Every structure is written in structure tokens, then in C-alpha cells.
file protein.txt (compact mmCIF, N, CA and C atoms)
# COMPACT_ATOMS: atom_id res chain seq x y z
N MET E 1 -0.05 15.72 62.97
CA MET E 1 -1.15 15.63 63.91
C MET E 1 -0.80 16.43 65.17
N SER E 2 -1.72 17.24 65.61
CA SER E 2 -1.50 18.09 66.78
C SER E 2 -1.39 17.24 68.05
N GLN E 3 -0.57 17.70 68.97
CA GLN E 3 -0.38 16.99 70.23
C GLN E 3 -1.38 17.42 71.30
N LEU E 4 -2.27 18.36 70.95
CA LEU E 4 -3.27 18.79 71.92
C LEU E 4 -4.52 19.30 71.22
N ILE E 5 -5.62 19.28 71.98
CA ILE E 5 -6.91 19.78 71.52
C ILE E 5 -7.29 20.90 72.47
N LYS E 6 -7.71 22.06 71.92
CA LYS E 6 -8.09 23.19 72.75
C LYS E 6 -9.55 23.54 72.53
N ALA E 7 -10.18 24.07 73.57
CA ALA E 7 -11.55 24.57 73.46
C ALA E 7 -11.72 25.72 74.43
N ASN E 8 -12.65 26.62 74.09
CA ASN E 8 -12.99 27.74 74.95
C ASN E 8 -14.48 27.96 74.88
N LYS E 9 -15.06 28.29 76.01
CA LYS E 9 -16.47 28.66 76.05
C LYS E 9 -16.63 29.81 77.03
N SER E 10 -17.35 30.84 76.60
CA SER E 10 -17.66 31.99 77.45
C SER E 10 -19.13 32.32 77.27
N GLY E 11 -19.76 32.73 78.37
CA GLY E 11 -21.15 33.15 78.22
C GLY E 11 -21.84 33.35 79.55
N ASP E 12 -23.04 33.89 79.45
CA ASP E 12 -23.87 34.12 80.62
C ASP E 12 -24.46 32.79 81.09
N VAL E 13 -24.53 32.61 82.41
CA VAL E 13 -25.10 31.39 82.98
C VAL E 13 -26.26 31.70 83.92
N GLY E 14 -26.58 32.94 84.07
CA GLY E 14 -27.66 33.32 84.97
C GLY E 14 -27.84 34.82 84.97
N ASN E 15 -28.61 35.28 85.90
CA ASN E 15 -28.92 36.70 86.04
C ASN E 15 -27.66 37.48 86.40
N LYS E 16 -27.04 38.11 85.39
CA LYS E 16 -25.81 38.90 85.56
C LYS E 16 -24.65 38.05 86.07
N LYS E 17 -24.60 36.78 85.63
CA LYS E 17 -23.53 35.85 86.03
C LYS E 17 -22.89 35.28 84.77
N ARG E 18 -21.58 35.12 84.82
CA ARG E 18 -20.83 34.75 83.62
C ARG E 18 -19.73 33.75 83.96
N MET E 19 -19.45 32.85 83.01
CA MET E 19 -18.35 31.91 83.15
C MET E 19 -17.58 31.84 81.83
N SER E 20 -16.27 31.62 81.95
CA SER E 20 -15.41 31.45 80.78
C SER E 20 -14.42 30.33 81.10
N THR E 21 -14.36 29.34 80.21
CA THR E 21 -13.50 28.18 80.45
C THR E 21 -12.59 27.93 79.26
N ASP E 22 -11.33 27.65 79.55
CA ASP E 22 -10.36 27.16 78.57
C ASP E 22 -10.03 25.73 78.96
N ALA E 23 -10.08 24.82 77.99
CA ALA E 23 -9.74 23.42 78.23
C ALA E 23 -8.71 22.98 77.21
N VAL E 24 -7.74 22.19 77.67
CA VAL E 24 -6.71 21.65 76.79
C VAL E 24 -6.57 20.16 77.12
N LEU E 25 -6.68 19.32 76.08
CA LEU E 25 -6.48 17.88 76.24
C LEU E 25 -5.25 17.48 75.44
N TYR E 26 -4.28 16.88 76.12
CA TYR E 26 -3.07 16.40 75.47
C TYR E 26 -3.29 14.98 74.98
N LYS E 27 -2.54 14.56 73.99
CA LYS E 27 -2.69 13.23 73.41
C LYS E 27 -2.41 12.11 74.41
N ASN E 28 -1.69 12.43 75.51
CA ASN E 28 -1.44 11.42 76.55
C ASN E 28 -2.62 11.29 77.52
N GLY E 29 -3.70 12.07 77.30
CA GLY E 29 -4.89 11.98 78.13
C GLY E 29 -4.98 13.01 79.24
N LEU E 30 -4.00 13.88 79.39
CA LEU E 30 -4.04 14.88 80.44
C LEU E 30 -4.94 16.05 80.02
N LEU E 31 -5.92 16.35 80.87
CA LEU E 31 -6.84 17.46 80.62
C LEU E 31 -6.55 18.58 81.60
N ASN E 32 -6.38 19.79 81.10
CA ASN E 32 -6.24 21.00 81.92
C ASN E 32 -7.47 21.86 81.70
N ILE E 33 -8.07 22.33 82.79
CA ILE E 33 -9.24 23.19 82.72
C ILE E 33 -8.97 24.43 83.56
N GLU E 34 -9.31 25.59 83.01
CA GLU E 34 -9.22 26.85 83.76
C GLU E 34 -10.52 27.61 83.54
N THR E 35 -11.20 27.93 84.64
CA THR E 35 -12.50 28.60 84.55
C THR E 35 -12.51 29.89 85.36
N TYR E 36 -12.94 30.96 84.71
CA TYR E 36 -13.17 32.25 85.36
C TYR E 36 -14.67 32.36 85.56
N SER E 37 -15.09 32.67 86.79
CA SER E 37 -16.52 32.84 87.06
C SER E 37 -16.73 34.18 87.77
N GLN E 38 -17.89 34.80 87.48
CA GLN E 38 -18.14 36.13 88.02
C GLN E 38 -19.63 36.37 88.17
N SER E 39 -20.00 36.96 89.31
CA SER E 39 -21.37 37.43 89.51
C SER E 39 -21.33 38.96 89.54
N LYS E 40 -22.08 39.56 88.62
CA LYS E 40 -22.21 41.02 88.61
C LYS E 40 -23.53 41.44 89.24
N HIS E 41 -24.27 40.47 89.73
CA HIS E 41 -25.54 40.78 90.39
C HIS E 41 -25.23 41.38 91.76
N PRO E 42 -25.98 42.37 92.21
CA PRO E 42 -25.69 43.00 93.49
C PRO E 42 -25.80 42.04 94.69
N THR E 43 -26.77 41.12 94.64
CA THR E 43 -27.01 40.28 95.83
C THR E 43 -26.96 38.78 95.58
N GLU E 44 -27.02 38.33 94.33
CA GLU E 44 -27.02 36.89 94.04
C GLU E 44 -25.62 36.39 93.76
N GLY E 45 -25.30 35.25 94.36
CA GLY E 45 -24.01 34.62 94.13
C GLY E 45 -24.06 33.66 92.95
N LEU E 46 -22.91 33.07 92.65
CA LEU E 46 -22.78 32.09 91.57
C LEU E 46 -22.07 30.86 92.11
N ARG E 47 -22.68 29.72 91.93
CA ARG E 47 -22.09 28.44 92.32
C ARG E 47 -21.87 27.63 91.04
N GLY E 48 -20.89 28.06 90.25
CA GLY E 48 -20.67 27.50 88.92
C GLY E 48 -20.15 26.08 88.92
N HIS E 49 -20.56 25.36 87.89
CA HIS E 49 -20.07 24.00 87.62
C HIS E 49 -19.62 23.94 86.17
N VAL E 50 -18.64 23.07 85.89
CA VAL E 50 -18.15 22.90 84.53
C VAL E 50 -17.75 21.44 84.33
N LEU E 51 -18.01 20.95 83.12
CA LEU E 51 -17.47 19.65 82.72
C LEU E 51 -17.09 19.73 81.26
N VAL E 52 -16.22 18.80 80.84
CA VAL E 52 -15.70 18.79 79.48
C VAL E 52 -16.02 17.43 78.86
N ILE E 53 -16.56 17.47 77.65
CA ILE E 53 -16.91 16.26 76.92
C ILE E 53 -15.91 16.07 75.78
N CYS E 54 -15.32 14.88 75.69
CA CYS E 54 -14.40 14.55 74.61
C CYS E 54 -15.19 13.95 73.45
N VAL E 55 -14.94 14.43 72.24
CA VAL E 55 -15.68 14.03 71.06
C VAL E 55 -14.71 13.47 70.02
N ASP E 56 -15.13 12.39 69.33
CA ASP E 56 -14.26 11.79 68.31
C ASP E 56 -14.55 12.35 66.92
N ASP E 57 -13.90 11.80 65.91
CA ASP E 57 -14.03 12.32 64.55
C ASP E 57 -15.38 12.03 63.90
N THR E 58 -16.25 11.25 64.57
CA THR E 58 -17.61 11.03 64.06
C THR E 58 -18.62 11.86 64.84
N SER E 59 -18.12 12.81 65.63
CA SER E 59 -18.95 13.71 66.46
C SER E 59 -19.67 12.99 67.59
N LYS E 60 -19.14 11.87 68.03
CA LYS E 60 -19.72 11.13 69.15
C LYS E 60 -18.91 11.41 70.42
N ALA E 61 -19.62 11.55 71.54
CA ALA E 61 -18.94 11.71 72.83
C ALA E 61 -18.28 10.38 73.19
N ILE E 62 -17.01 10.45 73.60
CA ILE E 62 -16.31 9.22 73.99
C ILE E 62 -15.84 9.24 75.44
N TRP E 63 -15.87 10.41 76.07
CA TRP E 63 -15.44 10.50 77.47
C TRP E 63 -15.97 11.80 78.04
N VAL E 64 -16.07 11.87 79.36
CA VAL E 64 -16.52 13.10 80.01
C VAL E 64 -15.74 13.29 81.31
N SER E 65 -15.40 14.52 81.59
CA SER E 65 -14.66 14.84 82.82
C SER E 65 -15.56 14.72 84.04
N LYS E 66 -14.96 14.90 85.17
CA LYS E 66 -15.73 15.04 86.41
C LYS E 66 -16.53 16.34 86.34
N ASP E 67 -17.50 16.46 87.22
CA ASP E 67 -18.26 17.71 87.38
C ASP E 67 -17.45 18.57 88.35
N TYR E 68 -16.82 19.62 87.83
CA TYR E 68 -15.99 20.48 88.66
C TYR E 68 -16.79 21.65 89.19
N LYS E 69 -16.72 21.85 90.49
CA LYS E 69 -17.44 22.94 91.15
C LYS E 69 -16.49 24.10 91.38
N CYS E 70 -16.86 25.25 90.84
CA CYS E 70 -16.06 26.47 91.04
C CYS E 70 -16.25 27.00 92.46
N THR E 71 -15.31 27.79 92.90
CA THR E 71 -15.45 28.49 94.17
C THR E 71 -16.69 29.38 94.09
N THR E 72 -17.48 29.41 95.16
CA THR E 72 -18.67 30.26 95.18
C THR E 72 -18.27 31.72 95.04
N ARG E 73 -18.96 32.41 94.14
CA ARG E 73 -18.74 33.84 93.93
C ARG E 73 -19.93 34.60 94.51
N GLY E 74 -19.66 35.57 95.34
CA GLY E 74 -20.72 36.34 95.98
C GLY E 74 -21.24 37.44 95.07
N GLY E 75 -22.37 37.99 95.44
CA GLY E 75 -22.90 39.16 94.73
C GLY E 75 -21.95 40.34 94.91
N ARG E 76 -22.07 41.35 94.07
CA ARG E 76 -21.16 42.50 94.13
C ARG E 76 -21.19 43.20 95.49
N LEU E 77 -22.33 43.17 96.17
CA LEU E 77 -22.44 43.88 97.45
C LEU E 77 -22.06 43.01 98.65
N ASP E 78 -21.69 41.77 98.41
CA ASP E 78 -21.32 40.86 99.50
C ASP E 78 -19.89 41.19 99.96
N PRO E 79 -19.72 41.69 101.19
CA PRO E 79 -18.38 42.08 101.65
C PRO E 79 -17.51 40.89 102.07
N PHE E 80 -18.09 39.69 102.14
CA PHE E 80 -17.36 38.54 102.66
C PHE E 80 -16.95 37.52 101.60
N CYS E 81 -17.44 37.68 100.40
CA CYS E 81 -17.19 36.68 99.36
C CYS E 81 -16.87 37.39 98.05
N ALA E 82 -15.71 37.10 97.47
CA ALA E 82 -15.31 37.73 96.21
C ALA E 82 -16.33 37.42 95.12
N SER E 83 -16.58 38.39 94.26
CA SER E 83 -17.58 38.21 93.21
C SER E 83 -17.00 37.61 91.93
N ALA E 84 -15.68 37.43 91.86
CA ALA E 84 -15.06 36.88 90.66
C ALA E 84 -13.77 36.16 91.03
N GLY E 85 -13.38 35.21 90.19
CA GLY E 85 -12.13 34.51 90.40
C GLY E 85 -11.96 33.37 89.42
N THR E 86 -10.80 32.73 89.52
CA THR E 86 -10.43 31.65 88.60
C THR E 86 -10.14 30.37 89.38
N ASN E 87 -10.58 29.26 88.81
CA ASN E 87 -10.26 27.93 89.33
C ASN E 87 -9.55 27.15 88.22
N ALA E 88 -8.66 26.25 88.62
CA ALA E 88 -7.96 25.41 87.65
C ALA E 88 -7.95 23.97 88.17
N TRP E 89 -8.11 23.04 87.23
CA TRP E 89 -8.12 21.61 87.57
C TRP E 89 -7.34 20.85 86.52
N GLN E 90 -6.87 19.67 86.91
CA GLN E 90 -6.25 18.72 85.99
C GLN E 90 -6.91 17.37 86.22
N GLU E 91 -7.10 16.65 85.13
CA GLU E 91 -7.65 15.29 85.24
C GLU E 91 -6.91 14.43 84.23
N GLN E 92 -6.51 13.24 84.67
CA GLN E 92 -5.82 12.33 83.77
C GLN E 92 -6.80 11.31 83.23
N PHE E 93 -7.06 11.37 81.93
CA PHE E 93 -7.89 10.39 81.25
C PHE E 93 -6.98 9.27 80.74
N PRO E 94 -7.56 8.14 80.37
CA PRO E 94 -6.75 7.12 79.71
C PRO E 94 -6.12 7.68 78.42
N GLU E 95 -4.95 7.20 78.08
CA GLU E 95 -4.26 7.70 76.89
C GLU E 95 -5.11 7.52 75.63
N ALA E 96 -5.89 6.43 75.57
CA ALA E 96 -6.74 6.18 74.40
C ALA E 96 -7.73 7.32 74.18
N VAL E 97 -8.20 7.94 75.24
CA VAL E 97 -9.12 9.07 75.11
C VAL E 97 -8.40 10.24 74.43
N GLY E 98 -7.19 10.52 74.87
CA GLY E 98 -6.41 11.59 74.23
C GLY E 98 -6.12 11.31 72.77
N GLN E 99 -5.90 10.04 72.44
CA GLN E 99 -5.59 9.66 71.06
C GLN E 99 -6.79 9.75 70.13
N HIS E 100 -7.98 9.49 70.64
CA HIS E 100 -9.18 9.43 69.79
C HIS E 100 -10.02 10.72 69.80
N THR E 101 -9.72 11.64 70.70
CA THR E 101 -10.49 12.88 70.77
C THR E 101 -10.05 13.84 69.68
N THR E 102 -11.06 14.43 69.00
CA THR E 102 -10.76 15.43 67.97
C THR E 102 -11.29 16.81 68.33
N SER E 103 -12.21 16.86 69.31
CA SER E 103 -12.71 18.16 69.78
C SER E 103 -13.24 18.01 71.20
N LEU E 104 -13.42 19.15 71.85
CA LEU E 104 -13.92 19.20 73.23
C LEU E 104 -15.16 20.09 73.28
N ASN E 105 -16.15 19.66 74.04
CA ASN E 105 -17.32 20.49 74.32
C ASN E 105 -17.30 20.83 75.80
N ILE E 106 -17.57 22.08 76.13
CA ILE E 106 -17.58 22.54 77.51
C ILE E 106 -19.01 22.83 77.92
N VAL E 107 -19.38 22.38 79.12
CA VAL E 107 -20.72 22.62 79.65
C VAL E 107 -20.59 23.44 80.92
N HIS E 108 -21.34 24.54 81.00
CA HIS E 108 -21.38 25.40 82.19
C HIS E 108 -22.75 25.29 82.84
N SER E 109 -22.79 25.50 84.15
CA SER E 109 -24.06 25.56 84.85
C SER E 109 -23.94 26.52 86.02
N GLU E 110 -25.04 27.20 86.30
CA GLU E 110 -25.05 28.17 87.40
C GLU E 110 -25.14 27.51 88.76
N GLU E 111 -25.89 26.46 88.89
CA GLU E 111 -26.15 25.88 90.21
C GLU E 111 -25.87 24.38 90.31
N GLY E 112 -25.37 23.76 89.28
CA GLY E 112 -25.10 22.33 89.32
C GLY E 112 -25.57 21.66 88.05
N LEU E 113 -25.08 20.46 87.82
CA LEU E 113 -25.36 19.77 86.57
C LEU E 113 -26.33 18.60 86.72
N GLY E 114 -26.77 18.32 87.95
CA GLY E 114 -27.72 17.23 88.13
C GLY E 114 -27.22 15.92 87.55
N ASN E 115 -28.04 15.31 86.70
CA ASN E 115 -27.70 14.02 86.11
C ASN E 115 -27.03 14.13 84.74
N VAL E 116 -26.64 15.33 84.34
CA VAL E 116 -26.06 15.51 83.01
C VAL E 116 -24.87 14.59 82.79
N ARG E 117 -23.95 14.55 83.73
CA ARG E 117 -22.75 13.72 83.55
C ARG E 117 -23.12 12.25 83.43
N ASN E 118 -24.01 11.77 84.30
CA ASN E 118 -24.41 10.36 84.24
C ASN E 118 -25.11 10.03 82.93
N ASN E 119 -25.93 10.95 82.42
CA ASN E 119 -26.60 10.73 81.15
C ASN E 119 -25.60 10.65 80.00
N ILE E 120 -24.57 11.49 80.04
CA ILE E 120 -23.53 11.44 79.02
C ILE E 120 -22.78 10.12 79.10
N LEU E 121 -22.46 9.69 80.32
CA LEU E 121 -21.76 8.41 80.48
C LEU E 121 -22.58 7.25 79.93
N GLN E 122 -23.89 7.27 80.15
CA GLN E 122 -24.75 6.20 79.62
C GLN E 122 -24.78 6.24 78.09
N ALA E 123 -24.80 7.43 77.52
CA ALA E 123 -24.79 7.55 76.06
C ALA E 123 -23.48 7.01 75.49
N ILE E 124 -22.38 7.32 76.15
CA ILE E 124 -21.07 6.83 75.71
C ILE E 124 -21.06 5.30 75.79
N LYS E 125 -21.58 4.77 76.86
CA LYS E 125 -21.59 3.32 77.06
C LYS E 125 -22.36 2.60 75.95
N THR E 126 -23.44 3.20 75.49
CA THR E 126 -24.26 2.56 74.48
C THR E 126 -23.80 2.84 73.04
N TYR E 127 -22.81 3.66 72.90
CA TYR E 127 -22.27 3.98 71.57
C TYR E 127 -21.57 2.74 71.02
N THR E 128 -22.24 2.03 70.13
CA THR E 128 -21.74 0.73 69.68
C THR E 128 -20.55 0.79 68.75
N GLU E 129 -20.30 1.92 68.12
CA GLU E 129 -19.19 2.03 67.19
C GLU E 129 -17.92 2.55 67.88
N ILE E 130 -17.95 2.57 69.18
CA ILE E 130 -16.83 3.13 69.94
C ILE E 130 -15.56 2.30 69.74
N SER E 131 -14.45 2.95 69.78
CA SER E 131 -13.18 2.23 69.63
C SER E 131 -13.03 1.22 70.76
N GLN E 132 -12.41 0.12 70.46
CA GLN E 132 -12.22 -0.95 71.45
C GLN E 132 -11.40 -0.45 72.63
N GLU E 133 -10.44 0.44 72.37
CA GLU E 133 -9.61 0.97 73.46
C GLU E 133 -10.46 1.75 74.46
N ILE E 134 -11.38 2.58 73.96
CA ILE E 134 -12.24 3.36 74.84
C ILE E 134 -13.19 2.44 75.59
N ALA E 135 -13.76 1.47 74.90
CA ALA E 135 -14.68 0.51 75.53
C ALA E 135 -13.98 -0.21 76.69
N THR E 136 -12.73 -0.57 76.51
CA THR E 136 -11.96 -1.24 77.58
C THR E 136 -11.81 -0.32 78.78
N GLU E 137 -11.53 0.96 78.53
CA GLU E 137 -11.36 1.90 79.64
C GLU E 137 -12.67 2.12 80.38
N ILE E 138 -13.78 2.17 79.66
CA ILE E 138 -15.09 2.32 80.31
C ILE E 138 -15.37 1.12 81.22
N LYS E 139 -15.06 -0.08 80.74
CA LYS E 139 -15.28 -1.30 81.55
C LYS E 139 -14.45 -1.24 82.84
N LYS E 140 -13.24 -0.71 82.76
CA LYS E 140 -12.39 -0.59 83.95
C LYS E 140 -13.03 0.27 85.02
N LEU E 141 -13.83 1.27 84.58
CA LEU E 141 -14.50 2.15 85.53
C LEU E 141 -15.73 1.50 86.15
N GLY E 142 -16.17 0.39 85.58
CA GLY E 142 -17.35 -0.29 86.11
C GLY E 142 -18.64 0.42 85.82
N ILE E 143 -18.67 1.14 84.72
CA ILE E 143 -19.87 1.91 84.37
C ILE E 143 -20.85 0.99 83.65
call {"tool": "encode", "arguments": {"input": "protein.txt", "output": "C-alpha cells"}}
result
Amino acid sequence: MSQLIKANKSGDVGNKKRMSTDAVLYKNGLLNIETYSQSKHPTEGLRGHVLVICVDDTSKAIWVSKDYKCTTRGGRLDPFCASAGTNAWQEQFPEAVGQHTTSLNIVHSEEGLGNVRNNILQAIKTYTEISQEIATEIKKLGI
């Protein structure tokens, strides 16, 4: 059994704006995220957001990361704000999340995620076949 789960997502998120994220979840629950964001638009900036969803072997979401906000990237003609760069984050999930996750889904957004994270958390909470270990961790969060 592998000691880590990896995922990558790259793509356009807006008008001449792009994000690429690598995520690694270790079996001890440690999540590493690295996101490259870039605006190739002459005048429009990018205020990228990213989150990572942990999925179990039945394809159900069992956990979700925080909503991470990337550094604002300026348009190509903006002399005061870089148009590209990389951000990195770490988040410690409960060990049970690392043990039960079999894949990761990455979500990108150009301007914010709104209620996406809360909606995912509610779906996880109502997932009745969830492992008892994950259910216990959710209760600890008071969700």
C-alpha cells in the first residue's frame, strides 16, 4: 500500500488565466499543496483559490481542505504586481483521513469558491456509510 496519494490539476480558470496545482496526501494525514497561478491577460488580474477534496474507495468525499487563496497575480501590463507565481501550503488532517483516502480532487477558482467548501462539508456529514473514524473527526470539528 502506498504511503501517499498524489494529484495534479492544470487548466484555464478565466480569460487568459491559468492555474496548476500539485497535491500530496500522506497516510499520516499531512497534505502538501503547491499552486502555480498566472494571468496572461494584459489588464486583468487573477485572485485564484484552490481546495482539495479527499475521496475514499467508494468515490465518496470524506474530507475537504481549507479554501486557500493564492497571491493576487496582476495583468501582464501591471508594473506593480507580478503576473505569475507559486504558493505552497500544508494542512494536517486527522490520520484517519490519510488512511481512508484513495484519491484527491482539486478545485480551482478565479475569484473565490463561495459556498463550495461548506456544501462539500454538508455532503460529507450526511454520507451515512462513512467510516466511524472519519465521523468521529467530523464531530470534533462541530460541523
call {"tool": "select_by_dssp", "arguments": {"input": "protein.txt", "residues": "chain E", "states": "alpha helix (DSSP H)", "output": "mmCIF file with N, CA and C atoms, keeping the file's coordinate frame"}}
result
data_model
loop_
_atom_site.group_PDB
_atom_site.id
_atom_site.type_symbol
_atom_site.label_atom_id
_atom_site.label_comp_id
_atom_site.auth_asym_id
_atom_site.auth_seq_id
_atom_site.Cartn_x
_atom_site.Cartn_y
_atom_site.Cartn_z
ATOM 1 N N GLU E 95 -4.950 7.200 78.080
ATOM 2 C CA GLU E 95 -4.260 7.700 76.890
ATOM 3 C C GLU E 95 -5.110 7.520 75.630
ATOM 4 N N ALA E 96 -5.890 6.430 75.570
ATOM 5 C CA ALA E 96 -6.740 6.180 74.400
ATOM 6 C C ALA E 96 -7.730 7.320 74.180
ATOM 7 N N VAL E 97 -8.200 7.940 75.240
ATOM 8 C CA VAL E 97 -9.120 9.070 75.110
ATOM 9 C C VAL E 97 -8.400 10.240 74.430
ATOM 10 N N GLY E 98 -7.190 10.520 74.870
ATOM 11 C CA GLY E 98 -6.410 11.590 74.230
ATOM 12 C C GLY E 98 -6.120 11.310 72.770
ATOM 13 N N GLN E 99 -5.900 10.040 72.440
ATOM 14 C CA GLN E 99 -5.590 9.660 71.060
ATOM 15 C C GLN E 99 -6.790 9.750 70.130
ATOM 16 N N HIS E 100 -7.980 9.490 70.640
ATOM 17 C CA HIS E 100 -9.180 9.430 69.790
ATOM 18 C C HIS E 100 -10.020 10.720 69.800
ATOM 19 N N VAL E 116 -26.640 15.330 84.340
ATOM 20 C CA VAL E 116 -26.060 15.510 83.010
ATOM 21 C C VAL E 116 -24.870 14.590 82.790
ATOM 22 N N ARG E 117 -23.950 14.550 83.730
ATOM 23 C CA ARG E 117 -22.750 13.720 83.550
ATOM 24 C C ARG E 117 -23.120 12.250 83.430
ATOM 25 N N ASN E 118 -24.010 11.770 84.300
ATOM 26 C CA ASN E 118 -24.410 10.360 84.240
ATOM 27 C C ASN E 118 -25.110 10.030 82.930
ATOM 28 N N ASN E 119 -25.930 10.950 82.420
ATOM 29 C CA ASN E 119 -26.600 10.730 81.150
ATOM 30 C C ASN E 119 -25.600 10.650 80.000
ATOM 31 N N ILE E 120 -24.570 11.490 80.040
ATOM 32 C CA ILE E 120 -23.530 11.440 79.020
ATOM 33 C C ILE E 120 -22.780 10.120 79.100
ATOM 34 N N LEU E 121 -22.460 9.690 80.320
ATOM 35 C CA LEU E 121 -21.760 8.410 80.480
ATOM 36 C C LEU E 121 -22.580 7.250 79.930
ATOM 37 N N GLN E 122 -23.890 7.270 80.150
ATOM 38 C CA GLN E 122 -24.750 6.200 79.620
ATOM 39 C C GLN E 122 -24.780 6.240 78.090
ATOM 40 N N ALA E 123 -24.800 7.430 77.520
ATOM 41 C CA ALA E 123 -24.790 7.550 76.060
ATOM 42 C C ALA E 123 -23.480 7.010 75.490
ATOM 43 N N ILE E 124 -22.380 7.320 76.150
ATOM 44 C CA ILE E 124 -21.070 6.830 75.710
ATOM 45 C C ILE E 124 -21.060 5.300 75.790
ATOM 46 N N LYS E 125 -21.580 4.770 76.860
ATOM 47 C CA LYS E 125 -21.590 3.320 77.060
ATOM 48 C C LYS E 125 -22.360 2.600 75.950
ATOM 49 N N THR E 126 -23.440 3.200 75.490
ATOM 50 C CA THR E 126 -24.260 2.560 74.480
ATOM 51 C C THR E 126 -23.800 2.840 73.040
ATOM 52 N N GLN E 132 -12.410 0.120 70.460
ATOM 53 C CA GLN E 132 -12.220 -0.950 71.450
ATOM 54 C C GLN E 132 -11.400 -0.450 72.630
ATOM 55 N N GLU E 133 -10.440 0.440 72.370
ATOM 56 C CA GLU E 133 -9.610 0.970 73.460
ATOM 57 C C GLU E 133 -10.460 1.750 74.460
ATOM 58 N N ILE E 134 -11.380 2.580 73.960
ATOM 59 C CA ILE E 134 -12.240 3.360 74.840
ATOM 60 C C ILE E 134 -13.190 2.440 75.590
ATOM 61 N N ALA E 135 -13.760 1.470 74.900
ATOM 62 C CA ALA E 135 -14.680 0.510 75.530
ATOM 63 C C ALA E 135 -13.980 -0.210 76.690
ATOM 64 N N THR E 136 -12.730 -0.570 76.510
ATOM 65 C CA THR E 136 -11.960 -1.240 77.580
ATOM 66 C C THR E 136 -11.810 -0.320 78.780
ATOM 67 N N GLU E 137 -11.530 0.960 78.530
ATOM 68 C CA GLU E 137 -11.360 1.900 79.640
ATOM 69 C C GLU E 137 -12.670 2.120 80.380
ATOM 70 N N ILE E 138 -13.780 2.170 79.660
ATOM 71 C CA ILE E 138 -15.090 2.320 80.310
ATOM 72 C C ILE E 138 -15.370 1.120 81.220
ATOM 73 N N LYS E 139 -15.060 -0.080 80.740
ATOM 74 C CA LYS E 139 -15.280 -1.300 81.550
ATOM 75 C C LYS E 139 -14.450 -1.240 82.840
ATOM 76 N N LYS E 140 -13.240 -0.710 82.760
ATOM 77 C CA LYS E 140 -12.390 -0.590 83.950
ATOM 78 C C LYS E 140 -13.030 0.270 85.020
ATOM 79 N N LEU E 141 -13.830 1.270 84.580
ATOM 80 C CA LEU E 141 -14.500 2.150 85.530
ATOM 81 C C LEU E 141 -15.730 1.500 86.150
#
call {"tool": "select_by_dssp", "arguments": {"input": "protein.txt", "residues": "range 5-95 of chain E", "states": "strand (DSSP E)", "output": "PyMOL selection string"}}
result
chain E and resi 5-14+17-26+30-39+49-55+61-64+68-69+84-92
call {"tool": "closest_residue", "arguments": {"input": "protein.txt", "among": "E:Tyr68, E:Phe80, E:Trp63, E:Trp89", "to": "Ile120 in chain E", "atoms": "all atoms listed in the file"}}
result
E:Trp63
call {"tool": "residues_around", "arguments": {"input": "protein.txt", "residues": "range 28-38 of chain E", "least_positions_apart": "4", "cutoff": "5 Å", "atoms": "only N, CA and C atoms", "output": "PyMOL selection string"}}
result
chain E and resi 17-24+83-95+98
call {"tool": "residues_around", "arguments": {"input": "protein.txt", "residues": "Ser103 in chain E", "least_positions_apart": "2", "cutoff": "8 Å", "atoms": "only N, CA and C atoms", "output": "compact mmCIF listing (two decimals) with N, CA and C atoms, in the frame of the given file"}}
result
# COMPACT_ATOMS: atom_id res chain seq x y z
N ILE E 5 -5.62 19.28 71.98
CA ILE E 5 -6.91 19.78 71.52
C ILE E 5 -7.29 20.90 72.47
N LYS E 6 -7.71 22.06 71.92
CA LYS E 6 -8.09 23.19 72.75
C LYS E 6 -9.55 23.54 72.53
N ALA E 7 -10.18 24.07 73.57
CA ALA E 7 -11.55 24.57 73.46
C ALA E 7 -11.72 25.72 74.43
N ILE E 53 -16.56 17.47 77.65
CA ILE E 53 -16.91 16.26 76.92
C ILE E 53 -15.91 16.07 75.78
N CYS E 54 -15.32 14.88 75.69
CA CYS E 54 -14.40 14.55 74.61
C CYS E 54 -15.19 13.95 73.45
N VAL E 55 -14.94 14.43 72.24
CA VAL E 55 -15.68 14.03 71.06
C VAL E 55 -14.71 13.47 70.02
N ASP E 56 -15.13 12.39 69.33
CA ASP E 56 -14.26 11.79 68.31
C ASP E 56 -14.55 12.35 66.92
N ASP E 57 -13.90 11.80 65.91
CA ASP E 57 -14.03 12.32 64.55
C ASP E 57 -15.38 12.03 63.90
N SER E 59 -18.12 12.81 65.63
CA SER E 59 -18.95 13.71 66.46
C SER E 59 -19.67 12.99 67.59
N HIS E 100 -7.98 9.49 70.64
CA HIS E 100 -9.18 9.43 69.79
C HIS E 100 -10.02 10.72 69.80
N THR E 101 -9.72 11.64 70.70
CA THR E 101 -10.49 12.88 70.77
C THR E 101 -10.05 13.84 69.68
N ASN E 105 -16.15 19.66 74.04
CA ASN E 105 -17.32 20.49 74.32
C ASN E 105 -17.30 20.83 75.80
N ILE E 106 -17.57 22.08 76.13
CA ILE E 106 -17.58 22.54 77.51
C ILE E 106 -19.01 22.83 77.92
call {"tool": "residues_near_point", "arguments": {"input": "protein.txt", "point": "(-18.0, 40.5, 92.4)", "cutoff": "9 Å", "atoms": "only C-alpha atoms", "output": "list in words"}}
result
Gln38, Ser39, Lys40, His41, Pro42, Gly45, Arg73, Gly74, Gly75, Arg76, Leu77, Asp78, Cys81, Ala82, Ser83, Ala84 and Gly85 of chain E
call {"tool": "atom_distance", "arguments": {"input": "protein.txt", "atom1": "atom N of Ser65 in chain E", "atom2": "CA of Leu46 in chain E"}}
result
21.5 Å
call {"tool": "atom_distance", "arguments": {"input": "protein.txt", "atom1": "CA of Lys139 in chain E", "atom2": "atom C of Gln3 in chain E"}}
result
25.5 Å
